[in-house]
2 protein chains.
Amino acid sequence: MPELRKEPVSGRWVIIASERSARPTDFKSTPQPIKSNFCPFCEGNEAKTPPEIMAYREKGTKANTRGWRVRVVPNKFPALQIEGEQNKRGEGIYDMMNGIGAHEVIIESPKHVLSLTALDNGSVEEVLWCYRDRLIDLKKDKRFVYGLLFKNVGVAAGASLEHSHSQLIVTPIVPQQVINEMAGAETFYKYRGRCLFCDMIQQEIATDSRIVILAENFVAFTPFASRFPFETWILPRTHDSHFENLQKLEIEELANVLKNTLIRLESALEFPPYNYIIHTTPFHINESEYYHWHIEIIPRVINIAGFEWGTGFYINPMPPEKAAKFLRNTGCA
Amino acid sequence: MPELRKEPVSGRWVIIASERSARPTDFKSTPQPIKSNFCPFCEGNEAKTPPEIMAYREKGTKANTRGWRVRVVPNKFPALQIEGEQNKRGEGIYDMMNGIGAHEVIIESPKHVLSLTALDNGSVEEVLWCYRDRLIDLKKDKRFVYGLLFKNVGVAAGASLEHSHSQLIVTPIVPQQVINEMAGAETFYKYRGRCLFCDMIQQEIATDSRIVILAENFVAFTPFASRFPFETWILPRTHDSHFENLQKLEIEELANVLKNTLIRLESALEFPPYNYIIHTTPFHINESEYYHWHIEIIPRVINIAGFEWGTGFYINPMPPEKAAKFLRNTGCA
């Protein structure tokens with residue numbers, strides 16, 4: 001059973017996943033490039049993954065066989081384990097609990113595509129529907145408080161398979177950065193009476209210098225204090241605290257904006273490794289006036305010195321205004 | 001002039017260092033291995049660095065010539081600029097200031113050594129003295145509030161030259177993680193009336209399962225909630241808030257403990273890329289009862305998925321108890 005441990009100074013929780021590796025020799029070699037001779041995510045190889053949790057599939061086809069369009073399976077090497085109780089406990093000054101939670105993989109296509117951008121818009125919409133359906137399902141489990149939807153693309157971004165996929169980690173704690181963001185947004189709300197993200201969107205649209213895509217219901221921009229070159233955020237223009245509240249028409253537009261933003265990044269940076277992370281409100285908090293869900297896209301194009309994640313102090317050599325200009329002008333419709 | 005920008009949601013400051021690079025093509029290729037055909041840090045090549053700020057050198061030798069043992073020069077591509085005023089200003093909801101500060105390189109040996117562990121103990125002591133002297137000197141400049149001493153080893157850890165060196169970045173703001181650590185430590189102090197780090201040291205020594213080195217005045221251990229495999233902290237056993245308070249005899253022992261810890265990491269992980277960061281109290285805070293300076297060593301042996309630094313939520317596949325055992329048993333005196 002993995003363990004969740006709390007760092008007593010900063011209050012950050014860490015997953016100690018001892019099942020995943022054991023010997024120092026496992027850490028000696030540099031990470032290997034992704035092997036692509038066999039892919040367990042491709043149609044026809046359904047037996048090579050743990051049994052599916054759900055799939056959008058053609059009528060009449062059976063679970064764990066061909067005929068699916070989007071398929072969700074448990075991660076074969078889960079960071080957290082679904083069975084069990086929290087069992088919160090102390091050890092002197094330290095706090096810990098069982099590493100319970102969900103760790104699922106969302107396989108975005110039965111074909112061996114390397115990027116979400118290779119899918120047609122309807123398929124991207126289904127990926128977003130799948131994110132939503134899994135969040136709503138796991139929210140019912142009262143042991144859990146947060147659902148972390150994210151995507152790793154490329155070895156340097158932590159991916160171990162190249163077939164386009166996303167992941168969902170559901171946890172019994174709220175990640176540190178979401179706590180910090182919520183605290184910051186709440187302070188602003190108490191002081192100004194408005195949502196900080198809504199104000200930010202308004203100012204970004206007025207200034208226009210960091211906008212990448214401005215659609216009817218969504219905006220993509222490079223944030224004012226971007227930590228990384230070409231970091232890009234996508235936000236709904238109308239206030240909403242929960243990703244899973246998305247309306248059908250909004251999902252159609254979001255699929256288009258997300259795909260278009262990724263195409264621009266892939267074009268400007270020649271298929272960079274990247275991550276995206278959906279920041280949304282914890283399960284146990286109802287509609288929030290001050291927190292605004294959004295997607296953070298982080299291209300992994302520079303080596304982050306350890307001191308940067310050791311201190312939270314980032315040096316970004318690419319001004320976001322310049323990055324936005326490149327992304328706006330890059331060759332796509 | 002680089003700019004310091006504040007991310008309004010989390011309150012984190014970022015350096016936007018536009019002088020460092022300009023075109024998206026700069027980010028297209030994967031980071032290159034370090035070239036070692038010419039080294040500007042080697043004795044005899046003093047003219048290839050900016051003029052030295054200080055050096056410990058043999059009597060009678062002149063600045064920027066041979067004869068030094070430890071040499072401090074400005075970073076050739078500084079993240080912050082020493083001249084100028086803060087000029088704090090707003091832009092709607094955003095806050096920013098001029099990117100003033102110091103960015104210095106501490107060259108640890110005139111010889112082309114690749115690791116601090118290749119130096120004799122006396123030379124390591126001089127590196128620590130140099131850290132202290134530079135901190136004390138820059139503390140006098142009332143524009144600055146924090147001195148960040150750190151070391152990058154290996155390309156994957158952000159190093160661009162292999163000759164053993166450290167860096168010092170002095171800033172007009174306190175890094176986010178230090179703020180968080182101080183807040184956590186203060187909360188504990190208010191509640192328990194004791195330093196959290198002192199309690200942690202006491203418990204670690206009593207438990208013994210995560211100790212790497214226990215010396216008279218210093219202890220090295222793998223923290224209970226290690227974020228990274230083989231993460232190791234070194235702390236003074238007696239409470240002290242400021243690194244620069246180190247006594248002469250303590251520096252002698254610290255040099256030995258630091259070198260010995262690094263030797264164990266190099267042996268167990270076969271010369272891994274790593275960073276270390278000295279966490280100390282901000283300049284403008286006098287002796288603190290609750291914050292305890294320490295060194296955090298972070299081997300860079302796994303790919304950190306972007307979601308981990310995008311959320312502050314880490315998955316560590318190596319339990320610190322196991323790591324400590326390997327490090328204790330690894331082949332060195």
# chains A, B, ... in the order shown; residues from 1 in each chain; ligands from 1

$ closest_atom_pairs --of "chain A" --to "chain B" --cutoff "6 Å" --atoms "only C-alpha atoms" --output "tab-separated table"
residue	atom	partner	partner_atom	distance
A:Arg5	CA	B:Ala225	CA	5.4
A:Lys6	CA	B:Ala225	CA	6.0
A:Glu7	CA	B:Ala225	CA	5.1
A:Val9	CA	B:Gly184	CA	5.1
A:Ser10	CA	B:Glu181	CA	4.8
A:Val14	CA	B:Tyr314	CA	5.2
A:Ile15	CA	B:Ile315	CA	4.7
A:Ile16	CA	B:Asn316	CA	5.0
A:Ala17	CA	B:Pro317	CA	4.7
A:Ser18	CA	B:Pro317	CA	5.2
A:Arg20	CA	B:Pro317	CA	5.5
A:Ser21	CA	B:Pro317	CA	5.7
A:Phe27	CA	B:Val301	CA	5.5
A:Lys28	CA	B:Leu269	CA	5.3
A:Ala157	CA	B:Ala305	CA	5.1
A:Gly158	CA	B:Ala305	CA	4.4
A:Pro175	CA	B:Phe313	CA	5.6
A:Gln176	CA	B:Gly312	CA	5.4
A:Gln177	CA	B:Thr311	CA	4.8
A:Asn180	CA	B:Ser10	CA	5.6
A:Glu181	CA	B:Ser10	CA	4.8
A:Gly184	CA	B:Val9	CA	5.1
A:Ala185	CA	B:Val9	CA	5.7
A:Ala225	CA	B:Glu7	CA	5.1
A:Leu269	CA	B:Lys28	CA	5.2
A:Asn275	CA	B:Gly306	CA	5.4
A:Val301	CA	B:Phe27	CA	5.5
A:Asn303	CA	B:Gly158	CA	5.5
A:Ala305	CA	B:Gly158	CA	4.4
A:Gly306	CA	B:Asn275	CA	5.4
A:Thr311	CA	B:Gln177	CA	4.8
A:Gly312	CA	B:Gln176	CA	5.4
A:Phe313	CA	B:Pro175	CA	5.6
A:Tyr314	CA	B:Val14	CA	5.2
A:Ile315	CA	B:Ile15	CA	4.7
A:Asn316	CA	B:Ile16	CA	5.0
A:Pro317	CA	B:Ala17	CA	4.7
A:Met318	CA	B:Ser18	CA	5.7
A:Pro319	CA	B:Ser18	CA	5.9

$ residues_around --residues "His242 in chain B" --least-positions-apart "2" --cutoff "9 Å" --atoms "only C-alpha atoms" --output "MDAnalysis selection string"
chainID B and resid 240 244:246 279:283 286:288 291:293

$ write_last_selection --atoms "C-alpha atoms" --output "short mmCIF file (atom, residue, chain, number, x, y, z; two decimals), in the first residue's frame"
data_model
loop_
_atom_site.label_atom_id
_atom_site.label_comp_id
_atom_site.auth_asym_id
_atom_site.auth_seq_id
_atom_site.Cartn_x
_atom_site.Cartn_y
_atom_site.Cartn_z
CA ASP B 240 20.42 28.46 14.26
CA GLU B 244 26.15 32.97 7.96
CA ASN B 245 26.31 32.53 11.75
CA LEU B 246 28.44 29.39 11.29
CA HIS B 279 17.61 27.44 2.88
CA THR B 280 18.35 30.25 5.31
CA THR B 281 16.50 33.15 6.94
CA PRO B 282 15.85 36.32 4.90
CA PHE B 283 18.26 39.24 5.42
CA ASN B 286 17.09 38.83 12.78
CA GLU B 287 17.70 35.71 14.79
CA SER B 288 14.59 33.56 14.48
CA TYR B 291 13.33 28.91 11.38
CA HIS B 292 16.36 26.64 11.16
CA TRP B 293 18.78 26.92 8.24
#

$ atom_distance --atom1 "CA of Pro110 in chain A" --atom2 "CA of Cys42 in chain A"
5.3 Å

$ residues_around --residues "Asn256 in chain A" --least-positions-apart "4" --cutoff "9 Å" --atoms "only C-alpha atoms" --output "list in words"
Asn121, Val124, Glu125, Ile251, Glu252, Asn260 and Thr261 of chain A

$ atom_distance --atom1 "CA of Asn37 in chain A" --atom2 "CA of Glu108 in chain A"
19.1 Å

$ closest_residue --among "B:Asn87, B:Ser109, B:Asn98, B:Asn45" --to "Ser164 in chain B" --atoms "only C-alpha atoms"
B:Ser109

$ residues_around --residues "Pro236 in chain A" --least-positions-apart "5" --cutoff "8 Å" --atoms "only C-alpha atoms" --output "PyMOL selection string"
chain A and resi 217-219+293-294

$ write_last_selection --atoms "N, CA and C atoms" --output "compact mmCIF listing (two decimals), in the first residue's frame"
# COMPACT_ATOMS: atom_id res chain seq x y z
N ASN A 217 -16.41 31.55 -25.75
CA ASN A 217 -16.54 31.17 -24.34
C ASN A 217 -15.21 30.85 -23.65
N PHE A 218 -14.13 30.81 -24.41
CA PHE A 218 -12.83 30.47 -23.83
C PHE A 218 -11.76 31.43 -24.32
N VAL A 219 -10.74 31.55 -23.49
CA VAL A 219 -9.59 32.36 -23.90
C VAL A 219 -8.32 31.58 -23.55
N TRP A 293 -11.97 27.46 -12.66
CA TRP A 293 -11.21 26.32 -13.19
C TRP A 293 -10.45 26.75 -14.46
N HIS A 294 -9.37 26.07 -14.74
CA HIS A 294 -8.58 26.40 -15.94
C HIS A 294 -7.61 25.27 -16.27

$ closest_residue --among "A:Arg132, A:Lys325, A:Arg89, A:Lys62" --to "Gln247 in chain A" --atoms "only C-alpha atoms"
A:Arg132

$ residues_around --residues "Tyr56 in chain B" --least-positions-apart "6" --cutoff "7 Å" --atoms "only C-alpha atoms" --output "list in words"
Trp68, Arg69, Val70 and Arg71 of chain B

$ write_last_selection --atoms "N, CA and C atoms" --output "PDB file, in the first residue's frame"
ATOM      1  N   TRP B  68      44.746  31.862  -7.408  1.00  0.00           N
ATOM      2  CA  TRP B  68      43.557  31.814  -6.530  1.00  0.00           C
ATOM      3  C   TRP B  68      43.220  30.371  -6.151  1.00  0.00           C
ATOM      4  N   ARG B  69      42.420  30.265  -5.079  1.00  0.00           N
ATOM      5  CA  ARG B  69      41.950  28.940  -4.651  1.00  0.00           C
ATOM      6  C   ARG B  69      40.433  28.820  -4.841  1.00  0.00           C
ATOM      7  N   VAL B  70      39.727  29.890  -4.464  1.00  0.00           N
ATOM      8  CA  VAL B  70      38.286  29.979  -4.736  1.00  0.00           C
ATOM      9  C   VAL B  70      38.079  31.359  -5.345  1.00  0.00           C
ATOM     10  N   ARG B  71      37.237  31.437  -6.370  1.00  0.00           N
ATOM     11  CA  ARG B  71      37.119  32.703  -7.099  1.00  0.00           C
ATOM     12  C   ARG B  71      35.641  32.989  -7.363  1.00  0.00           C
TER      13      ARG B  71
END
